[in-house]
Every structure is written in structure tokens, then in C-alpha cells.
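Next up, protein_22.tsv (TSV, C-alpha atoms):
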chain	number	residue	atom	x	y	z
A	1	MET	CA	0.00	0.00	0.00
A	2	GLU	CA	1.31	3.37	-0.95
A	3	VAL	CA	1.26	6.08	1.69
A	4	GLN	CA	0.31	9.41	0.23
A	5	GLN	CA	1.75	12.53	1.80
A	6	THR	CA	0.13	15.88	1.24
A	7	ILE	CA	2.46	18.87	1.41
A	8	ASN	CA	0.73	21.91	2.81
A	9	SER	CA	2.33	24.43	0.48
A	10	VAL	CA	1.59	28.09	-0.32
A	11	ASN	CA	3.81	30.00	-2.79
A	12	GLY	CA	5.99	26.88	-2.94
A	13	VAL	CA	6.79	27.23	0.77
A	14	ASP	CA	6.10	24.15	2.91
A	15	ILE	CA	3.98	25.76	5.63
A	16	ASP	CA	4.18	22.76	7.96
A	17	VAL	CA	7.98	22.84	8.00
A	18	LEU	CA	8.02	26.58	8.64
A	19	GLN	CA	5.28	26.34	11.29
A	20	ASN	CA	7.21	23.55	12.99
A	21	THR	CA	10.33	25.77	13.17
A	22	VAL	CA	8.21	28.62	14.56
A	23	ASN	CA	6.64	26.38	17.22
A	24	ASN	CA	10.00	24.96	18.28
A	25	ILE	CA	11.49	28.46	18.69
A	26	LYS	CA	8.40	29.60	20.62
A	27	GLN	CA	8.95	26.77	23.10
A	28	ASP	CA	12.72	27.21	23.28
A	29	PRO	CA	13.86	30.66	22.09
A	30	ASP	CA	17.52	29.58	22.08
A	31	LEU	CA	16.75	27.47	19.00
A	32	GLY	CA	16.33	30.73	17.04
A	33	LYS	CA	19.81	32.03	17.79
A	34	CYS	CA	21.79	31.78	14.56
A	35	ARG	CA	25.40	32.46	13.71
A	36	PHE	CA	26.06	32.68	9.99
A	37	HIS	CA	29.67	32.60	8.82
A	38	VAL	CA	31.74	32.71	5.65
A	39	GLN	CA	35.42	32.48	4.74
A	40	ASN	CA	37.14	34.66	2.19
A	41	LYS	CA	40.46	34.31	0.40
A	42	TRP	CA	42.16	37.00	-1.64
A	43	ILE	CA	43.14	35.67	-5.07
A	44	ASP	CA	44.88	38.64	-6.74
A	45	GLY	CA	44.26	42.33	-7.32
A	46	ASN	CA	40.57	43.03	-6.77
A	47	HIS	CA	39.56	39.39	-7.11
A	48	ASN	CA	38.65	37.35	-4.03
A	49	ARG	CA	36.53	34.30	-3.22
A	50	THR	CA	34.08	33.50	-0.42
A	51	THR	CA	33.34	29.95	0.70
A	52	ILE	CA	30.19	29.03	2.67
A	53	THR	CA	29.94	25.56	4.20
A	54	SER	CA	27.65	25.65	7.22
A	55	PHE	CA	25.79	27.81	9.72
A	56	TYR	CA	24.95	27.58	13.40
A	57	GLY	CA	21.26	27.44	14.32
A	58	ALA	CA	18.84	25.22	16.30
A	59	LYS	CA	21.72	24.76	18.79
A	60	GLN	CA	23.98	23.01	16.30
A	61	GLU	CA	26.23	23.50	13.31
A	62	ASN	CA	24.27	22.72	10.13
A	63	LYS	CA	26.18	21.68	7.00
A	64	HIS	CA	24.90	22.95	3.68
A	65	LYS	CA	24.03	20.34	1.04
A	66	GLN	CA	27.04	21.60	-0.92
A	67	ILE	CA	29.89	24.06	-0.50
A	68	PHE	CA	28.97	27.47	-1.98
A	69	GLU	CA	31.64	29.64	-3.63
A	70	LEU	CA	31.09	33.28	-4.55
A	71	ASP	CA	33.64	35.47	-6.33
A	72	ALA	CA	34.02	39.23	-6.21
A	73	ASP	CA	35.94	41.39	-8.68
A	74	GLU	CA	35.81	44.98	-9.92
A	75	PRO	CA	35.12	46.47	-13.36
A	76	PRO	CA	38.07	47.79	-15.41
A	77	VAL	CA	37.52	51.43	-14.31
A	78	LEU	CA	38.36	50.27	-10.77
A	79	ALA	CA	41.38	48.29	-11.97
A	80	GLY	CA	39.62	44.90	-11.95
A	81	GLU	CA	39.06	42.21	-14.59
A	82	ASP	CA	35.27	42.14	-14.27
A	83	ASN	CA	35.25	38.39	-13.56
A	84	ALA	CA	32.44	38.65	-11.01
A	85	PRO	CA	30.03	41.17	-9.45
A	86	ASN	CA	31.73	43.70	-7.21
A	87	PRO	CA	31.05	43.71	-3.45
A	88	VAL	CA	28.55	46.59	-3.52
A	89	GLU	CA	26.57	44.75	-6.22
A	90	HIS	CA	26.72	41.65	-4.00
A	91	LEU	CA	25.17	43.79	-1.25
A	92	LEU	CA	22.22	44.73	-3.48
A	93	ASN	CA	21.85	41.04	-4.37
A	94	SER	CA	21.65	40.09	-0.70
A	95	LEU	CA	18.97	42.73	-0.14
A	96	ALA	CA	17.03	41.68	-3.25
A	97	GLY	CA	17.03	38.03	-2.19
A	98	CYS	CA	16.08	38.85	1.38
A	99	VAL	CA	13.12	41.17	0.79
A	100	THR	CA	11.77	38.73	-1.83
A	101	THR	CA	12.07	35.67	0.42
A	102	SER	CA	10.66	37.57	3.39
A	103	MET	CA	7.64	38.73	1.38
A	104	VAL	CA	6.98	35.29	-0.12
A	105	ALA	CA	7.38	33.32	3.14
A	106	HIS	CA	5.41	35.72	5.33
A	107	ALA	CA	2.68	35.86	2.66
A	108	ALA	CA	2.60	32.05	2.58
A	109	VAL	CA	1.96	31.62	6.31
A	110	ARG	CA	-0.85	34.19	6.04
A	111	GLY	CA	-2.42	32.37	3.08
A	112	ILE	CA	-1.65	35.19	0.62
A	113	HIS	CA	-1.00	33.65	-2.79
A	114	LEU	CA	1.56	35.23	-5.12
A	115	ASP	CA	1.88	34.41	-8.81
A	116	GLU	CA	4.94	36.47	-9.77
A	117	VAL	CA	7.44	38.66	-7.94
A	118	GLU	CA	10.09	40.72	-9.69
A	119	SER	CA	12.16	43.60	-8.39
A	120	GLU	CA	14.69	46.23	-9.37
A	121	ILE	CA	17.09	47.42	-6.70
A	122	GLU	CA	19.41	50.38	-7.14
A	123	GLY	CA	21.68	52.31	-4.81
A	124	ASP	CA	23.85	55.42	-4.85
A	125	ILE	CA	27.54	55.53	-3.97
A	126	ASP	CA	29.85	58.49	-4.53
A	127	LEU	CA	33.38	57.13	-5.07
A	128	GLN	CA	34.90	60.28	-3.58
A	129	GLY	CA	34.23	58.71	-0.18
A	130	PHE	CA	35.86	55.32	-0.82
A	131	LEU	CA	38.82	56.89	-2.61
A	132	GLY	CA	39.46	59.21	0.31
A	133	LEU	CA	39.03	62.36	-1.81
A	134	SER	CA	36.54	64.01	0.54
A	135	LYS	CA	35.83	63.46	4.21
A	136	ASP	CA	32.36	64.94	3.78
A	137	VAL	CA	31.27	62.25	1.33
A	138	PRO	CA	29.99	58.97	2.87
A	139	LYS	CA	31.95	55.90	1.83
A	140	GLY	CA	28.93	53.59	1.63
A	141	TYR	CA	25.47	53.63	0.10
A	142	THR	CA	23.40	56.67	0.99
A	143	ASP	CA	20.11	55.62	-0.61
A	144	ILE	CA	18.79	52.32	-1.88
A	145	ARG	CA	15.48	51.96	-3.75
A	146	ILE	CA	13.54	48.75	-4.31
A	147	LYS	CA	10.76	48.57	-6.87
A	148	PHE	CA	8.67	45.39	-6.78
A	149	LYS	CA	6.25	44.22	-9.45
A	150	VAL	CA	3.95	41.63	-7.97
A	151	LYS	CA	1.18	39.55	-9.52
A	152	SER	CA	-1.33	38.96	-6.75
A	153	ASP	CA	-4.82	40.12	-5.75
A	154	GLU	CA	-5.03	43.92	-5.59
A	155	GLU	CA	-6.04	44.00	-1.92
A	156	ASN	CA	-2.66	42.47	-0.95
A	157	THR	CA	-0.39	45.20	-2.33
A	158	GLU	CA	0.00	47.42	0.73
A	159	ARG	CA	0.23	44.44	3.08
A	160	LEU	CA	3.03	42.87	1.04
A	161	LYS	CA	5.22	45.94	1.65
A	162	SER	CA	5.01	45.41	5.41
A	163	LEU	CA	5.79	41.70	4.94
A	164	ALA	CA	8.90	42.51	2.85
A	165	GLU	CA	10.00	44.74	5.73
A	166	TYR	CA	10.49	41.66	7.94
A	167	SER	CA	13.67	41.08	5.90
A	168	PRO	CA	16.80	40.68	8.09
A	169	VAL	CA	19.03	42.32	5.44
A	170	PHE	CA	16.61	45.27	5.07
A	171	ASN	CA	16.61	45.74	8.85
A	172	THR	CA	20.40	45.41	9.10
A	173	LEU	CA	20.75	48.13	6.47
A	174	ILE	CA	18.21	50.63	7.83
A	175	HIS	CA	19.29	50.26	11.47
A	176	GLY	CA	23.00	49.59	10.96
A	177	THR	CA	24.96	46.99	12.91
A	178	ASN	CA	28.21	46.64	14.84
A	179	VAL	CA	31.10	45.38	12.72
A	180	ASP	CA	34.35	44.52	14.47
A	181	ILE	CA	37.53	44.07	12.42
A	182	LYS	CA	40.57	42.24	13.81
A	183	ILE	CA	43.81	41.67	11.93
A	184	GLU	CA	46.38	39.02	12.80
A	185	ARG	CA	49.60	38.22	11.02
A	186	LYS	CA	49.74	34.90	9.24
B	1	MET	CA	59.40	46.41	-33.54
B	2	GLU	CA	57.62	45.24	-30.42
B	3	VAL	CA	56.46	47.89	-27.99
B	4	GLN	CA	56.92	46.77	-24.42
B	5	GLN	CA	54.45	48.03	-21.85
B	6	THR	CA	55.28	47.95	-18.17
B	7	ILE	CA	52.32	47.60	-15.84
B	8	ASN	CA	52.83	49.47	-12.59
B	9	SER	CA	51.27	46.86	-10.34
B	10	VAL	CA	51.21	46.37	-6.56
B	11	ASN	CA	49.24	43.45	-5.04
B	12	GLY	CA	48.06	42.68	-8.58
B	13	VAL	CA	46.32	46.08	-8.75
B	14	ASP	CA	47.21	48.24	-11.74
B	15	ILE	CA	48.15	51.45	-9.92
B	16	ASP	CA	48.16	53.60	-13.06
B	17	VAL	CA	44.56	52.67	-13.90
B	18	LEU	CA	43.43	53.37	-10.34
B	19	GLN	CA	45.41	56.62	-10.15
B	20	ASN	CA	43.90	57.71	-13.45
B	21	THR	CA	40.38	57.15	-12.08
B	22	VAL	CA	41.31	59.10	-8.93
B	23	ASN	CA	42.70	62.02	-10.94
B	24	ASN	CA	39.66	62.14	-13.21
B	25	ILE	CA	37.28	62.25	-10.23
B	26	LYS	CA	39.41	64.92	-8.55
B	27	GLN	CA	39.02	67.12	-11.62
B	28	ASP	CA	35.34	66.34	-12.14
B	29	PRO	CA	33.67	64.98	-8.97
B	30	ASP	CA	30.51	64.02	-10.90
B	31	LEU	CA	32.52	61.17	-12.48
B	32	GLY	CA	32.55	59.48	-9.06
B	33	LYS	CA	28.79	59.33	-8.70
B	34	CYS	CA	27.76	55.70	-9.16
B	35	ARG	CA	24.43	53.96	-9.28
B	36	PHE	CA	24.65	50.19	-8.92
B	37	HIS	CA	21.57	48.15	-9.77
B	38	VAL	CA	20.38	44.56	-9.89
B	39	GLN	CA	17.19	42.74	-10.93
B	40	ASN	CA	15.65	39.90	-9.01
B	41	LYS	CA	13.05	37.30	-9.99
B	42	TRP	CA	11.27	34.96	-7.63
B	43	ILE	CA	11.52	31.36	-8.84
B	44	ASP	CA	9.54	29.36	-6.26
B	45	GLY	CA	9.33	29.02	-2.49
B	46	ASN	CA	12.44	30.53	-0.96
B	47	HIS	CA	14.42	30.37	-4.22
B	48	ASN	CA	15.05	33.55	-6.24
B	49	ARG	CA	17.62	34.79	-8.75
B	50	THR	CA	19.43	38.12	-9.16
B	51	THR	CA	20.77	39.31	-12.50
B	52	ILE	CA	23.46	42.00	-12.82
B	53	THR	CA	24.21	43.44	-16.23
B	54	SER	CA	25.61	46.96	-15.86
B	55	PHE	CA	26.21	49.91	-13.54
B	56	TYR	CA	26.16	53.69	-13.86
B	57	GLY	CA	29.43	55.50	-13.21
B	58	ALA	CA	31.78	57.98	-14.92
B	59	LYS	CA	28.60	59.65	-16.28
B	60	GLN	CA	27.54	56.62	-18.32
B	61	GLU	CA	26.02	53.16	-18.12
B	62	ASN	CA	28.83	50.56	-18.14
B	63	LYS	CA	28.05	47.03	-19.32
B	64	HIS	CA	29.72	44.18	-17.49
B	65	LYS	CA	31.81	41.79	-19.59
B	66	GLN	CA	29.18	39.16	-18.93
B	67	ILE	CA	25.78	38.89	-17.25
B	68	PHE	CA	26.13	37.78	-13.62
B	69	GLU	CA	23.48	35.55	-12.04
B	70	LEU	CA	23.28	34.88	-8.31
B	71	ASP	CA	20.78	32.56	-6.65
B	72	ALA	CA	19.43	32.65	-3.11
B	73	ASP	CA	17.68	29.84	-1.28
B	74	GLU	CA	17.19	28.74	2.32
B	75	PRO	CA	18.26	25.63	4.22
B	76	PRO	CA	15.65	22.91	4.97
B	77	VAL	CA	14.99	24.20	8.53
B	78	LEU	CA	13.64	27.39	6.90
B	79	ALA	CA	11.62	25.42	4.35
B	80	GLY	CA	14.12	25.81	1.51
B	81	GLU	CA	15.94	23.36	-0.74
B	82	ASP	CA	19.45	24.62	0.08
B	83	ASN	CA	20.25	25.22	-3.59
B	84	ALA	CA	22.22	28.42	-2.90
B	85	PRO	CA	23.45	30.59	-0.01
B	86	ASN	CA	20.68	32.37	1.84
B	87	PRO	CA	20.40	36.18	1.69
B	88	VAL	CA	22.03	36.82	5.09
B	89	GLU	CA	25.00	34.68	4.01
B	90	HIS	CA	25.11	36.72	0.80
B	91	LEU	CA	25.36	39.82	3.00
B	92	LEU	CA	28.42	38.43	4.80
B	93	ASN	CA	29.91	37.58	1.41
B	94	SER	CA	29.48	41.17	0.21
B	95	LEU	CA	31.18	42.46	3.38
B	96	ALA	CA	34.01	39.91	3.10
B	97	GLY	CA	34.70	40.86	-0.52
B	98	CYS	CA	34.50	44.57	0.18
B	99	VAL	CA	36.83	44.80	3.20
B	100	THR	CA	39.33	42.55	1.39
B	101	THR	CA	39.30	44.59	-1.83
B	102	SER	CA	39.42	47.87	0.09
B	103	MET	CA	42.44	46.72	2.10
B	104	VAL	CA	44.29	45.36	-0.92
B	105	ALA	CA	43.65	48.37	-3.20
B	106	HIS	CA	44.35	51.04	-0.58
B	107	ALA	CA	47.51	49.16	0.44
B	108	ALA	CA	48.56	49.01	-3.22
B	109	VAL	CA	48.38	52.77	-3.82
B	110	ARG	CA	50.42	53.28	-0.61
B	111	GLY	CA	53.07	50.78	-1.74
B	112	ILE	CA	52.21	48.26	1.00
B	113	HIS	CA	52.82	44.76	-0.34
B	114	LEU	CA	50.58	41.90	0.75
B	115	ASP	CA	51.37	38.23	0.20
B	116	GLU	CA	48.23	36.57	1.54
B	117	VAL	CA	44.88	37.76	2.90
B	118	GLU	CA	42.31	35.43	4.40
B	119	SER	CA	39.31	36.23	6.57
B	120	GLU	CA	36.51	34.70	8.56
B	121	ILE	CA	33.31	36.70	8.93
B	122	GLU	CA	30.49	35.73	11.28
B	123	GLY	CA	27.32	37.46	12.38
B	124	ASP	CA	24.51	36.93	14.87
B	125	ILE	CA	20.81	36.84	14.01
B	126	ASP	CA	18.04	35.77	16.36
B	127	LEU	CA	15.21	34.32	14.25
B	128	GLN	CA	12.60	35.45	16.80
B	129	GLY	CA	12.84	38.87	15.12
B	130	PHE	CA	12.32	37.75	11.52
B	131	LEU	CA	9.58	35.30	12.48
B	132	GLY	CA	7.67	38.02	14.32
B	133	LEU	CA	7.79	36.15	17.65
B	134	SER	CA	9.13	39.09	19.65
B	135	LYS	CA	9.03	42.82	18.98
B	136	ASP	CA	12.03	43.32	21.28
B	137	VAL	CA	14.35	41.17	19.14
B	138	PRO	CA	16.00	42.92	16.16
B	139	LYS	CA	15.18	41.34	12.79
B	140	GLY	CA	18.64	41.86	11.32
B	141	TYR	CA	22.26	41.26	12.32
B	142	THR	CA	23.19	42.73	15.69
B	143	ASP	CA	26.94	42.01	15.60
B	144	ILE	CA	29.32	41.03	12.84
B	145	ARG	CA	32.97	40.05	13.45
B	146	ILE	CA	35.73	39.94	10.86
B	147	LYS	CA	39.00	38.15	11.58
B	148	PHE	CA	41.74	38.73	9.02
B	149	LYS	CA	44.93	36.70	8.70
B	150	VAL	CA	47.40	38.67	6.62
B	151	LYS	CA	50.90	37.82	5.40
B	152	SER	CA	52.73	41.15	5.21
B	153	ASP	CA	55.47	43.01	7.08
B	154	GLU	CA	54.66	43.32	10.77
B	155	GLU	CA	54.68	47.12	10.80
B	156	ASN	CA	51.68	47.17	8.42
B	157	THR	CA	49.19	45.30	10.62
B	158	GLU	CA	47.53	48.23	12.41
B	159	ARG	CA	47.51	50.38	9.28
B	160	LEU	CA	45.78	47.65	7.27
B	161	LYS	CA	42.80	47.76	9.65
B	162	SER	CA	42.23	51.44	8.86
B	163	LEU	CA	42.55	50.70	5.12
B	164	ALA	CA	39.95	47.90	5.34
B	165	GLU	CA	37.65	50.46	6.99
B	166	TYR	CA	37.44	52.41	3.69
B	167	SER	CA	35.11	49.62	2.54
B	168	PRO	CA	31.75	50.91	1.22
B	169	VAL	CA	29.87	47.83	2.48
B	170	PHE	CA	31.49	48.15	5.95
B	171	ASN	CA	30.43	51.81	6.08
B	172	THR	CA	26.93	51.08	4.82
B	173	LEU	CA	26.53	48.51	7.61
B	174	ILE	CA	27.95	50.53	10.51
B	175	HIS	CA	26.16	53.77	9.58
B	176	GLY	CA	22.99	52.30	8.06
B	177	THR	CA	21.34	53.63	4.92
B	178	ASN	CA	17.92	54.65	3.64
B	179	VAL	CA	16.04	51.85	1.90
B	180	ASP	CA	12.79	52.69	0.15
B	181	ILE	CA	10.42	49.89	-0.88
B	182	LYS	CA	7.68	50.42	-3.47
B	183	ILE	CA	5.26	47.76	-4.67
B	184	GLU	CA	3.33	47.88	-7.92
B	185	ARG	CA	0.94	45.32	-9.32
B	186	LYS	CA	2.07	43.50	-12.40
Please, can you express the file's structure as C-alpha cells?
Amino acid sequence: MEVQQTINSVNGVDIDVLQNTVNNIKQDPDLGKCRFHVQNKWIDGNHNRTTITSFYGAKQENKHKQIFELDADEPPVLAGEDNAPNPVEHLLNSLAGCVTTSMVAHAAVRGIHLDEVESEIEGDIDLQGFLGLSKDVPKGYTDIRIKFKVKSDEENTERLKSLAEYSPVFNTLIHGTNVDIKIERK
Amino acid sequence: MEVQQTINSVNGVDIDVLQNTVNNIKQDPDLGKCRFHVQNKWIDGNHNRTTITSFYGAKQENKHKQIFELDADEPPVLAGEDNAPNPVEHLLNSLAGCVTTSMVAHAAVRGIHLDEVESEIEGDIDLQGFLGLSKDVPKGYTDIRIKFKVKSDEENTERLKSLAEYSPVFNTLIHGTNVDIKIERK
């Protein structure tokens, strides 16, 4: 006899799995404490490579299914070979992925169905800051704009914005975070 | 007759190219104003894909040598298929790449030679924030730590920290930035 299993899925998100994680963290908040980590190795010039193998969460180290490698480079105008996105483009990618996933997953648990989600993300950086040409010019992004196009029922539009705003990357960027840099000799 | 060209390179960074960019921006600061942009498309569940084709800088749109695609997914505990790094790991990658490139390039123009640069970046997120289980818990990263191991002359160590701190992603994260989200129906 074949046992049939029904997956309770909205927007392709398995609601039972997500609800199970939520319930576990409700009962034991320490299960929600995560430590994400990556390693980076300089290759040459403006080219470097990040490796991601695992993360800490649910009170244990969790191995990814595979090892992820991500390269960064710079375009020729910044003396790079343009072999990969540059780090500030990688930042926009992380934001794009995070607001999208946050919107889709939070919509799913509320029973809001989405058919299509696309977005354009852009941000402003004045290189005078990074290059040390002016102390008055910020070195990082000053403004980032996200424009979503979503196929869903009209009544959901305003609500989806507040769901996207659950995004951890969005919140890290609008509130800022502590970043500590230590350098040791090898 | 063969014309020989000498590349003035430190740490694999072509100093003449970088110095040329610096001089151009000094003369005309508008050349330094950049607008980076990416597009993202939701695939299914927690899986989405970012495409990067060009950026605005030096008063024009600059096409990348190739189209870059970056995927984001989530691990099984967050109802994903673990096909790609998740967005908060992508954020650490962008920071890793940026502090490394900033250190290497700023060292190069100051004549500081580096032999090897490796780093480990980790950051803390409590999922109670993202999951909406507690309003007192921040949704984003609260603390990020970067540990560099650098092979270079001993006298450079402290100076390299201040050069890494030119990083645009580092500065975006410690100071925060405006992020505006708009949603249109498709």
C-alpha cells in the first residue's frame, strides 16, 4: 500500500515545515539564535573568493548540502578584470534576495498567494568617499530603492510591503549593525 | 618592432589605472557618482535569482563583460531546498569581498605589499525577530565580526585595519542607509 503525503504548500513554501520551526522556537527561544559565517580568500588584485559551508542554528552546526563559492571582482575602471560582481553589487543582491524571500514566506503563512514577484534594486555611492578624496562624502550607500512588481490580488499590495519589511538584510541596512575588524599576522 | 608596456602593479592592482580614475574624479567629482543596480526574480518558495548586467558611473552606463546571475535559497529548517546561499549569508559575502578589496587596493596605492589575505566573517541573528515572535528582538544582524589573517610586514598590521575600513559595504553597515520599498501590481 502506498502512503500518500500531502504537502501543505503556499507559494511553494512548505507551511508545515516553517510552522514547525516557529513552534520549536516559541517553546525554546535559544533554537532561534543563529550564527552565519563565511570564509574569504584573496586571489589577486581586486579578485577574491568567499566559501560558505555551514551555519549555526537550532543549537547546532548545520552543514549545507554543498559548498557554496562566490567570487568578487571589480570592473576595469576600478582596476579589476570584471570576472564577477563587485562587493557593492553583491550587497544589493543580498537585499534583493532577502526582501523577496521575506515577502513570499510571510505571505505564505498568512495564506496570501503570489503568482509572480520581480524587483529592481538600485543604490547610490559616490566614489569620492571610498577613494578618500573628501571626508564629507559617505563611503557607503546613501540611498537604496527597491521597486517590486507583484502579480497577486489587488487587496494584498500594501500588506506585502510590510511583509517585505520583515527582511533581516533590510533591517540590518536601515538600522546599521556593529562590525568589528581584527587583523592578525599569518 | 615590439612595444613593451610595463604595468605598474602592486598586489596585482594596476596602480596607473586606479590613479587615473582618482585624478579624473578629482578634476570632475561628478565622475565618481555611481548607481549600482540589480534585478531579481522569484523562482519558487524561498528560491530567487538576481541578474546583474551593468552599472552607472563615470557619467555613463557601463556594461559588465558578462551577465552575472546569483541565486538565493534557504536551508531545509527554513523550508528551503538549500540550492544556494541564503540572503544573510550573501550579505556576509558582500562584506568579506569589500573589506578585502578595500584593504588590498588602498595598500597598493600606498606601496604596502601583501602576500596573503584570508578572513573569517560571522554574524549573529536571532530568528525570533524575523519570524515576528518578539518585537524586542531585532530582525537583522546585531553584531558582525571579521577576523583577518594577513601575510605582510609586521609594521603594516595596524595600518591595514584602517585601510579595510574604507570599505563601502562596511560603512553602509555601521552607519545604516535609507532603503525605500515600493510595490506595484504587475
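The two atoms in question, atom CA of B:Val99 and atom CA of B:Asp30, are spaced 24.7 Å apart.
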Excluding A:Asp28 and its own-chain neighbours fewer than 6 positions away, which residues fall within 12 Å of it when counting all atoms listed in the file? Please give them as a list in words. Thr21, Val22, Ala58 and Lys59 of chain A; Leu127, Gln128 and Leu133 of chain B
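Among B:Ile146, B:Leu163, B:Val179, B:Ala108, the residue with the shortest atom-to-atom distance to B:Asp16, counting only C-alpha atoms, is B:Ala108.
In this comparison, which uses all atoms listed in the file, the residue of B:Ala84, B:Leu91, B:Val13, B:Leu70 approaching B:Val169 most closely is B:Leu91.
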Using only C-alpha atoms, pick whichever of A:Gly12, A:Ile67, A:Val104, A:Pro75 has the shortest atom-to-atom distance to chain B.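 Nearest to chain B: A:Gly12.
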I'd like to know which of B:His90, B:Arg35, B:Arg110, B:His47 is closest to B:Gln19, using all atoms listed in the file.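 Distance minimum relative to B:Gln19 lands on B:Arg110.
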Rank nothing, just name the residue among A:Phe170, A:Glu116, A:Thr142, A:Ala164 nearest to A:Asn93, using only C-alpha atoms.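 Nearest candidate to A:Asn93 out of A:Phe170, A:Glu116, A:Thr142, A:Ala164: A:Phe170.
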Distance atom CA of B:Asp71-atom CA of B:Asn46, one decimal place? 10.3 Å
B:Gly123 environment, 8 Å, all atoms listed in the file, sequence neighbours closer than 2 positions dropped, as JSON, numbers by chain: {"A": [35, 36, 37], "B": [92, 121, 125, 141, 142, 143, 144, 145]}
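Nearest residue to A:Ala72, choosing from B:Thr6, B:Ser94, B:Gln27, B:Thr172 and counting all atoms listed in the file: B:Ser94.
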Figure out the distance between atom CA of A:Asn8 and atom CA of A:Glu154, please, to one decimal in Å.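 Separation of atom CA of A:Glu154 and atom CA of A:Asn8: 24.3 Å.
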Show me, as a PyMOL selection string, the residues that have an atom within 9 Å of A:Asn171 when counting all atoms listed in the file, minus same-chain residues fewer than 3 positions from it. (chain A and resi 165-168+174-176) or (chain B and resi 138-141)
Neighbour residues at most 8 Å from (26.9, 41.7, -12.5) (all atoms listed in the file) as a list in words: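 Residues found, by chain and rising number: Ala84, Pro85, Asn86 and Glu89 of chain A; Val38, Thr51, Ile52, Thr53, Ser54, His64, Gln66, Ile67, Phe68 and Glu69 of chain B.
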Produce a file of the selected residues containing C-alpha atoms, as a short mmCIF file (atom, residue, chain, number, x, y, z; two decimals), in the coordinates of the input.
data_model
loop_
_atom_site.label_atom_id
_atom_site.label_comp_id
_atom_site.auth_asym_id
_atom_site.auth_seq_id
_atom_site.Cartn_x
_atom_site.Cartn_y
_atom_site.Cartn_z
CA ALA A 84 32.44 38.65 -11.01
CA PRO A 85 30.03 41.17 -9.45
CA ASN A 86 31.73 43.70 -7.21
CA GLU A 89 26.57 44.75 -6.22
CA VAL B 38 20.38 44.56 -9.89
CA THR B 51 20.77 39.31 -12.50
CA ILE B 52 23.46 42.00 -12.82
CA THR B 53 24.21 43.44 -16.23
CA SER B 54 25.61 46.96 -15.86
CA HIS B 64 29.72 44.18 -17.49
CA GLN B 66 29.18 39.16 -18.93
CA ILE B 67 25.78 38.89 -17.25
CA PHE B 68 26.13 37.78 -13.62
CA GLU B 69 23.48 35.55 -12.04
#
Excluding B:Asn156 and any residue of its chain fewer than 4 positions from it, enumerate the residues within 8 Å of it, using all atoms listed in the file, and give them as a VMD selection string. chain B and resid 112 152 160
Resulting file, chosen residues, C-alpha atoms, as a PDB file, in the coordinates of the input:
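Output saved as result01.pdb:
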ATOM      1  CA  ILE B 112      52.210  48.260   1.000  1.00  0.00           C
ATOM      2  CA  SER B 152      52.730  41.150   5.210  1.00  0.00           C
ATOM      3  CA  LEU B 160      45.780  47.650   7.270  1.00  0.00           C
TER       4      LEU B 160
END
